[in-house]
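One file, input-v4.cif, carrying mmCIF, C-alpha atoms:
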```cif
data_query
#
loop_
_atom_site.group_PDB
_atom_site.id
_atom_site.type_symbol
_atom_site.label_atom_id
_atom_site.label_comp_id
_atom_site.auth_asym_id
_atom_site.auth_seq_id
_atom_site.Cartn_x
_atom_site.Cartn_y
_atom_site.Cartn_z
ATOM 1 C CA PRO A 1 0.000 0.000 0.000
ATOM 2 C CA PRO A 2 1.154 3.588 -0.617
ATOM 3 C CA SER A 3 1.095 4.335 3.127
ATOM 4 C CA LEU A 4 3.739 1.695 3.742
ATOM 5 C CA TYR A 5 5.987 3.155 1.042
ATOM 6 C CA ASP A 6 5.480 6.644 2.475
ATOM 7 C CA GLU A 7 6.475 5.453 5.928
ATOM 8 C CA ALA A 8 9.500 3.641 4.549
ATOM 9 C CA ALA A 9 10.579 6.758 2.660
ATOM 10 C CA ASP A 10 10.064 8.866 5.796
ATOM 11 C CA TYR A 11 12.186 6.425 7.741
ATOM 12 C CA ALA A 12 15.037 6.638 5.243
ATOM 13 C CA ILE A 13 14.943 10.450 5.008
ATOM 14 C CA TYR A 14 14.566 10.897 8.760
ATOM 15 C CA TYR A 15 17.559 8.800 9.729
ATOM 16 C CA PHE A 16 19.720 10.017 6.862
ATOM 17 C CA ASN A 17 19.196 13.659 7.755
ATOM 18 C CA THR A 18 19.522 12.998 11.468
ATOM 19 C CA PHE A 19 22.851 11.293 10.870
ATOM 20 C CA SER A 20 23.998 14.103 8.590
ATOM 21 C CA ALA A 21 23.091 16.732 11.171
ATOM 22 C CA LYS A 22 24.885 14.911 13.960
ATOM 23 C CA SER A 23 28.003 14.623 11.841
ATOM 24 C CA ASN A 24 27.990 18.396 11.316
ATOM 25 C CA ASN A 25 28.083 20.285 14.622
ATOM 26 C CA LYS A 26 27.338 23.607 12.932
ATOM 27 C CA ASN A 27 24.091 22.439 11.403
ATOM 28 C CA LYS A 28 22.409 20.295 14.032
ATOM 29 C CA SER A 29 19.207 22.264 13.565
ATOM 30 C CA LEU A 30 18.949 21.097 9.947
ATOM 31 C CA ALA A 31 17.821 17.595 10.916
ATOM 32 C CA TYR A 32 14.701 16.644 9.001
ATOM 33 C CA ILE A 33 11.530 16.235 11.065
ATOM 34 C CA PRO A 34 8.958 14.316 8.996
ATOM 35 C CA ILE A 35 5.267 15.145 9.047
ATOM 36 C CA ARG A 36 4.664 11.607 10.257
ATOM 37 C CA SER A 37 7.118 10.304 12.819
ATOM 38 C CA ALA A 38 9.587 7.652 11.667
ATOM 39 C CA PRO A 39 8.065 4.153 11.605
ATOM 40 C CA PRO A 40 8.473 2.000 14.703
ATOM 41 C CA PHE A 41 11.926 0.483 14.736
ATOM 42 C CA PRO A 42 10.924 -3.242 14.551
ATOM 43 C CA PHE A 43 9.045 -2.703 11.258
ATOM 44 C CA ALA A 44 11.088 0.045 9.672
ATOM 45 C CA PRO A 45 13.902 -2.111 8.216
ATOM 46 C CA PHE A 46 11.371 -4.428 6.587
ATOM 47 C CA LEU A 47 9.404 -1.531 5.117
ATOM 48 C CA LEU A 48 12.566 0.121 3.860
ATOM 49 C CA LEU A 49 13.833 -3.051 2.168
ATOM 50 C CA HIS A 50 10.403 -3.661 0.671
ATOM 51 C CA TYR A 51 10.306 -0.107 -0.658
ATOM 52 C CA PHE A 52 13.684 -0.414 -2.386
ATOM 53 C CA TYR A 53 12.840 -3.879 -3.707
ATOM 54 C CA CYS A 54 9.651 -2.588 -5.348
ATOM 55 C CA THR A 55 11.531 0.394 -6.753
ATOM 56 C CA MET A 56 14.235 -1.787 -8.316
ATOM 57 C CA LEU A 57 11.632 -4.225 -9.667
ATOM 58 C CA LEU A 58 9.764 -1.387 -11.365
ATOM 59 C CA TYR A 59 13.029 -0.031 -12.791
ATOM 60 C CA SER A 60 14.006 -3.436 -14.220
ATOM 61 C CA GLN A 61 10.567 -3.797 -15.811
ATOM 62 C CA LYS A 62 10.920 -0.382 -17.451
ATOM 63 C CA LEU A 63 14.325 -1.405 -18.820
ATOM 64 C CA GLU A 64 12.858 -4.607 -20.253
ATOM 65 C CA ILE A 65 9.986 -2.692 -21.887
ATOM 66 C CA ARG A 66 12.460 -0.225 -23.381
ATOM 67 C CA ARG A 67 14.649 -3.065 -24.594
ATOM 68 C CA MET A 68 11.744 -4.768 -26.345
ATOM 69 C CA SER A 69 10.796 -1.504 -28.066
ATOM 70 C CA GLU A 70 14.233 -0.800 -29.533
ATOM 71 C CA ARG A 71 14.550 -0.200 -33.273
ATOM 72 C CA ILE A 72 17.547 -2.006 -34.681
ATOM 73 C CA ALA A 73 19.816 -1.877 -37.717
ATOM 74 C CA ILE A 74 22.044 -4.907 -38.229
ATOM 75 C CA PHE A 75 25.116 -5.089 -40.474
ATOM 76 C CA PHE A 76 26.742 -8.362 -41.501
ATOM 77 C CA ASP A 77 30.302 -8.568 -42.785
ATOM 78 C CA ALA A 78 29.498 -11.606 -44.905
ATOM 79 C CA GLU A 79 33.158 -12.259 -45.662
ATOM 80 C CA ASN A 80 33.880 -12.354 -41.945
ATOM 81 C CA ILE A 81 30.924 -14.364 -40.622
ATOM 82 C CA SER A 82 29.646 -17.746 -41.804
ATOM 83 C CA ALA A 83 26.064 -17.896 -43.080
ATOM 84 C CA ASN A 84 25.533 -20.927 -40.826
ATOM 85 C CA HIS A 85 25.287 -18.619 -37.798
ATOM 86 C CA VAL A 86 22.885 -16.042 -39.231
ATOM 87 C CA THR A 87 19.606 -17.677 -38.145
ATOM 88 C CA SER A 88 20.797 -17.920 -34.536
ATOM 89 C CA ILE A 89 22.096 -14.347 -34.627
ATOM 90 C CA LEU A 90 18.808 -12.948 -35.939
ATOM 91 C CA ALA A 91 16.816 -14.885 -33.331
ATOM 92 C CA LYS A 92 18.921 -13.358 -30.579
ATOM 93 C CA VAL A 93 18.829 -9.816 -31.955
ATOM 94 C CA LYS A 94 15.035 -9.966 -32.364
ATOM 95 C CA SER A 95 14.780 -10.450 -28.602
ATOM 96 C CA TYR A 96 16.131 -6.892 -28.253
ATOM 97 C CA GLY A 97 13.428 -5.278 -30.364
ATOM 98 C CA ASP A 98 12.281 -4.684 -33.933
ATOM 99 C CA ILE A 99 14.869 -5.097 -36.699
ATOM 100 C CA LEU A 100 14.176 -2.405 -39.275
ATOM 101 C CA ILE A 101 17.325 -2.713 -41.386
ATOM 102 C CA GLN A 102 19.224 -5.904 -42.264
ATOM 103 C CA ARG A 103 22.208 -5.647 -44.572
ATOM 104 C CA ALA A 104 24.976 -8.009 -45.627
ATOM 105 C CA TYR A 105 28.109 -6.809 -47.420
ATOM 106 C CA ALA A 106 30.612 -8.788 -49.474
ATOM 107 C CA ASP A 107 32.205 -9.284 -52.823
ATOM 108 C CA TRP A 108 29.664 -11.910 -53.791
ATOM 109 C CA SER A 109 31.821 -13.147 -56.635
ATOM 110 C CA ILE A 110 34.332 -14.801 -54.277
ATOM 111 C CA PRO A 111 33.854 -18.522 -53.463
ATOM 112 C CA ASN A 112 33.506 -18.292 -49.674
ATOM 113 C CA THR A 113 30.225 -16.365 -49.922
ATOM 114 C CA SER A 114 28.346 -19.173 -51.686
ATOM 115 C CA SER A 115 26.537 -20.278 -48.502
ATOM 116 C CA TRP A 116 25.143 -16.760 -48.125
ATOM 117 C CA LYS A 117 23.467 -16.924 -51.513
ATOM 118 C CA ASN A 118 21.156 -19.696 -50.323
ATOM 119 C CA LEU A 119 20.496 -17.889 -47.041
ATOM 120 C CA VAL A 120 19.390 -14.550 -48.478
ATOM 121 C CA ALA A 121 16.781 -16.359 -50.537
ATOM 122 C CA LYS A 122 15.071 -17.256 -47.227
ATOM 123 C CA GLN A 123 15.884 -14.276 -44.990
ATOM 124 C CA PRO A 124 14.842 -10.639 -45.626
ATOM 125 C CA ILE A 125 18.449 -9.435 -45.750
ATOM 126 C CA SER A 126 19.469 -6.787 -48.275
ATOM 127 C CA VAL A 127 22.779 -7.665 -49.945
ATOM 128 C CA TYR A 128 25.348 -5.117 -51.042
ATOM 129 C CA GLN A 129 28.072 -5.833 -53.563
ATOM 130 C CA GLN A 130 31.521 -4.343 -53.065
ATOM 131 C CA PHE A 131 34.494 -5.367 -55.221
ATOM 132 C CA HIS A 132 37.876 -5.283 -53.540
ATOM 133 C CA ASN A 133 39.791 -3.900 -56.532
ATOM 134 C CA GLY A 134 43.070 -4.712 -54.834
ATOM 135 C CA GLU A 135 42.183 -2.736 -51.679
ATOM 136 C CA THR A 136 42.166 -4.047 -48.115
ATOM 137 C CA GLN A 137 39.277 -3.718 -45.621
ATOM 138 C CA VAL A 138 36.996 -2.450 -48.365
ATOM 139 C CA ILE A 139 33.963 -4.171 -46.796
ATOM 140 C CA ASP A 140 34.750 -2.570 -43.432
ATOM 141 C CA LYS A 141 34.909 0.885 -44.988
ATOM 142 C CA THR A 142 31.616 0.452 -46.838
ATOM 143 C CA ILE A 143 29.779 -0.727 -43.723
ATOM 144 C CA ILE A 144 31.258 2.120 -41.680
ATOM 145 C CA MET A 145 30.088 4.761 -44.173
ATOM 146 C CA ASP A 146 26.594 3.289 -44.496
ATOM 147 C CA ALA A 147 26.126 2.806 -40.735
ATOM 148 C CA ILE A 148 27.109 6.406 -39.950
ATOM 149 C CA GLN A 149 24.811 7.695 -42.695
ATOM 150 C CA ILE A 150 21.874 5.687 -41.325
ATOM 151 C CA ALA A 151 22.607 6.831 -37.769
ATOM 152 C CA ILE A 152 22.407 10.459 -38.876
ATOM 153 C CA GLU A 153 19.463 10.158 -41.275
ATOM 154 C CA HIS A 154 17.354 7.802 -39.131
ATOM 155 C CA PRO A 155 17.274 9.065 -35.531
ATOM 156 C CA GLU A 156 14.464 6.595 -34.777
ATOM 157 C CA ILE A 157 17.003 3.742 -34.924
ATOM 158 C CA ASP A 158 18.578 3.534 -31.488
ATOM 159 C CA THR A 159 20.470 0.220 -31.652
ATOM 160 C CA PHE A 160 23.147 -0.779 -34.148
ATOM 161 C CA CYS A 161 24.292 -4.382 -34.359
ATOM 162 C CA ILE A 162 27.681 -5.095 -35.954
ATOM 163 C CA VAL A 163 28.191 -8.749 -36.854
ATOM 164 C CA ALA A 164 31.902 -9.211 -37.427
ATOM 165 C CA SER A 165 35.051 -10.347 -35.673
ATOM 166 C CA ASP A 166 37.289 -7.656 -37.139
ATOM 167 C CA LYS A 167 38.790 -4.996 -34.847
ATOM 168 C CA GLY A 168 38.519 -2.575 -37.774
ATOM 169 C CA TYR A 169 34.936 -1.912 -36.658
ATOM 170 C CA SER A 170 35.966 -0.565 -33.246
ATOM 171 C CA ASN A 171 36.060 3.035 -34.503
ATOM 172 C CA LEU A 172 32.561 2.609 -35.940
ATOM 173 C CA ALA A 173 31.280 1.359 -32.578
ATOM 174 C CA LEU A 174 32.799 4.340 -30.769
ATOM 175 C CA ARG A 175 31.426 6.837 -33.283
ATOM 176 C CA LEU A 176 27.921 5.377 -33.049
ATOM 177 C CA ARG A 177 28.061 5.628 -29.280
ATOM 178 C CA GLU A 178 29.102 9.271 -29.598
ATOM 179 C CA LEU A 179 25.930 9.757 -31.648
ATOM 180 C CA GLY A 180 23.897 8.353 -28.771
ATOM 181 C CA LYS A 181 23.342 4.880 -30.217
ATOM 182 C CA TYR A 182 23.479 1.557 -28.381
ATOM 183 C CA VAL A 183 26.011 -0.730 -30.067
ATOM 184 C CA LEU A 184 25.643 -4.499 -29.932
ATOM 185 C CA GLY A 185 28.555 -6.482 -31.313
ATOM 186 C CA ILE A 186 28.405 -10.152 -32.304
ATOM 187 C CA GLY A 187 31.434 -12.161 -33.378
ATOM 188 C CA GLU A 188 33.478 -15.320 -33.011
ATOM 189 C CA GLU A 189 35.073 -15.774 -29.616
ATOM 190 C CA LYS A 190 38.291 -17.337 -30.927
ATOM 191 C CA LYS A 191 38.929 -14.301 -33.141
ATOM 192 C CA THR A 192 37.783 -11.423 -30.946
ATOM 193 C CA LYS A 193 39.554 -12.653 -27.801
ATOM 194 C CA GLN A 194 42.882 -12.419 -29.608
ATOM 195 C CA ASP A 195 42.306 -8.672 -29.828
ATOM 196 C CA SER A 196 39.516 -7.343 -27.618
ATOM 197 C CA LEU A 197 39.433 -3.831 -29.106
ATOM 198 C CA LEU A 198 36.055 -4.340 -30.809
ATOM 199 C CA VAL A 199 34.617 -6.058 -27.716
ATOM 200 C CA ASN A 200 35.550 -3.104 -25.511
ATOM 201 C CA ALA A 201 34.264 -0.546 -28.012
ATOM 202 C CA CYS A 202 30.699 -1.929 -27.982
ATOM 203 C CA ASN A 203 28.092 -1.424 -25.283
ATOM 204 C CA GLU A 204 27.554 -5.167 -25.354
ATOM 205 C CA PHE A 205 29.290 -7.993 -27.176
ATOM 206 C CA LEU A 206 27.951 -11.513 -27.727
ATOM 207 C CA TYR A 207 29.976 -14.516 -28.833
ATOM 208 C CA ILE A 208 28.455 -16.558 -31.630
ATOM 209 C CA GLU A 209 29.540 -19.770 -29.972
ATOM 210 C CA ASN A 210 27.281 -18.994 -26.970
ATOM 211 C CA LEU A 211 24.121 -18.390 -29.013
ATOM 212 C CA LYS A 212 21.461 -21.062 -29.162
ATOM 213 C CA THR A 213 21.371 -22.895 -32.462
ATOM 214 C CA VAL A 214 18.113 -22.311 -34.337
#
```
Would you mind giving the structure from this file in structure tokens?
Amino acid sequence: PPSLYDEAADYAIYYFNTFSAKSNNKNKSLAYIPIRSAPPFPFAPFLLLHYFYCTMLLYSQKLEIRRMSERIAIFFDAENISANHVTSILAKVKSYGDILIQRAYADWSIPNTSSWKNLVAKQPISVYQQFHNGETQVIDKTIIMDAIQIAIEHPEIDTFCIVASDKGYSNLALRLRELGKYVLGIGEEKKTKQDSLLVNACNEFLYIENLKTV
């Protein structure tokens, strides 16, 4: 009941201010005197603990509601992540909220992307072609440019998921966080643990090996 919470709050404020006043000889008169007297001592600790428990429970529920309402953009480095993991990754990311943008980047002419071709026929993932033309990290650069552009042009998207094991995306994660976005990273444990720069740059990082197979 509200009266119990009020008494618990009074108890906390009363004793906090009383202690503060006693610790400051110059301001003893500043001790708080509640409208209602502090609750009887035998019940006060219980009421206080119950008050804080209910407060924390409400806060956790609000966080869960916010989490489920997140709007997400997910970027796959298809040359860096096997298509065999995509279904499990998407199932996990969907638990965070609504995925509005799904993109996979690669030079689709190279042999190791063949498994992706079968996958994108079943999953609503937009594919983007990028030839290497003798350059290195060309996929990384393309994803970085597109992700920053989307972050600026689509303020309604609050969560960005980077699926890669390459530390080259660490600067992207930091920049997105500067723009006020939540960054979720997903990658292979054996690769990212060798250099944890990307892991530390994200708000949260999940290892593919720990995801449930779907």
Decode the PyMOL selection byres ((chain A and resi 181) around 12) for the given file into explicit residues and return them as an mmCIF file with C-alpha atoms, keeping the file's coordinate frame.
```cif
data_model
loop_
_atom_site.group_PDB
_atom_site.id
_atom_site.type_symbol
_atom_site.label_atom_id
_atom_site.label_comp_id
_atom_site.auth_asym_id
_atom_site.auth_seq_id
_atom_site.Cartn_x
_atom_site.Cartn_y
_atom_site.Cartn_z
ATOM 1 C CA GLU A 70 14.233 -0.800 -29.533
ATOM 2 C CA ARG A 71 14.550 -0.200 -33.273
ATOM 3 C CA ILE A 72 17.547 -2.006 -34.681
ATOM 4 C CA ALA A 73 19.816 -1.877 -37.717
ATOM 5 C CA ALA A 147 26.126 2.806 -40.735
ATOM 6 C CA ILE A 148 27.109 6.406 -39.950
ATOM 7 C CA ILE A 150 21.874 5.687 -41.325
ATOM 8 C CA ALA A 151 22.607 6.831 -37.769
ATOM 9 C CA ILE A 152 22.407 10.459 -38.876
ATOM 10 C CA HIS A 154 17.354 7.802 -39.131
ATOM 11 C CA PRO A 155 17.274 9.065 -35.531
ATOM 12 C CA GLU A 156 14.464 6.595 -34.777
ATOM 13 C CA ILE A 157 17.003 3.742 -34.924
ATOM 14 C CA ASP A 158 18.578 3.534 -31.488
ATOM 15 C CA THR A 159 20.470 0.220 -31.652
ATOM 16 C CA PHE A 160 23.147 -0.779 -34.148
ATOM 17 C CA CYS A 161 24.292 -4.382 -34.359
ATOM 18 C CA LEU A 172 32.561 2.609 -35.940
ATOM 19 C CA ALA A 173 31.280 1.359 -32.578
ATOM 20 C CA LEU A 174 32.799 4.340 -30.769
ATOM 21 C CA ARG A 175 31.426 6.837 -33.283
ATOM 22 C CA LEU A 176 27.921 5.377 -33.049
ATOM 23 C CA ARG A 177 28.061 5.628 -29.280
ATOM 24 C CA GLU A 178 29.102 9.271 -29.598
ATOM 25 C CA LEU A 179 25.930 9.757 -31.648
ATOM 26 C CA GLY A 180 23.897 8.353 -28.771
ATOM 27 C CA TYR A 182 23.479 1.557 -28.381
ATOM 28 C CA VAL A 183 26.011 -0.730 -30.067
ATOM 29 C CA LEU A 184 25.643 -4.499 -29.932
ATOM 30 C CA CYS A 202 30.699 -1.929 -27.982
ATOM 31 C CA ASN A 203 28.092 -1.424 -25.283
ATOM 32 C CA GLU A 204 27.554 -5.167 -25.354
#
```
message: Neighbouring residues of region 108-119 of chain A were defined as those with any atom within 9 Å, considering only C-alpha atoms; residues of the same chain fewer than 6 positions away were excluded. Please report them as a ChimeraX atom specification.
response: /A:78-79,82-84,86-87,125,127-131
- request: Could you jot down the CA of Phe205 (chain A) to CA of Ile139 (chain A) separation for me, Å, one decimal place?
  value: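 Atom-to-atom, CA of Phe205 (chain A) to CA of Ile139 (chain A), that is 20.5 Å.
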Shortest interatomic distance to Gly168 (chain A) - which of A:Asp98, A:Asp195, A:Asp140, A:Asp77, counting only C-alpha atoms: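 So, comparing all the options, the nearest one is A:Asp140.
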message: Report, in Å with one decimal, the straight-line distance from CA of Thr142 (chain A) to CA of Tyr207 (chain A).
response: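 One can read the CA of Thr142 (chain A) to CA of Tyr207 (chain A) distance as 23.5 Å.
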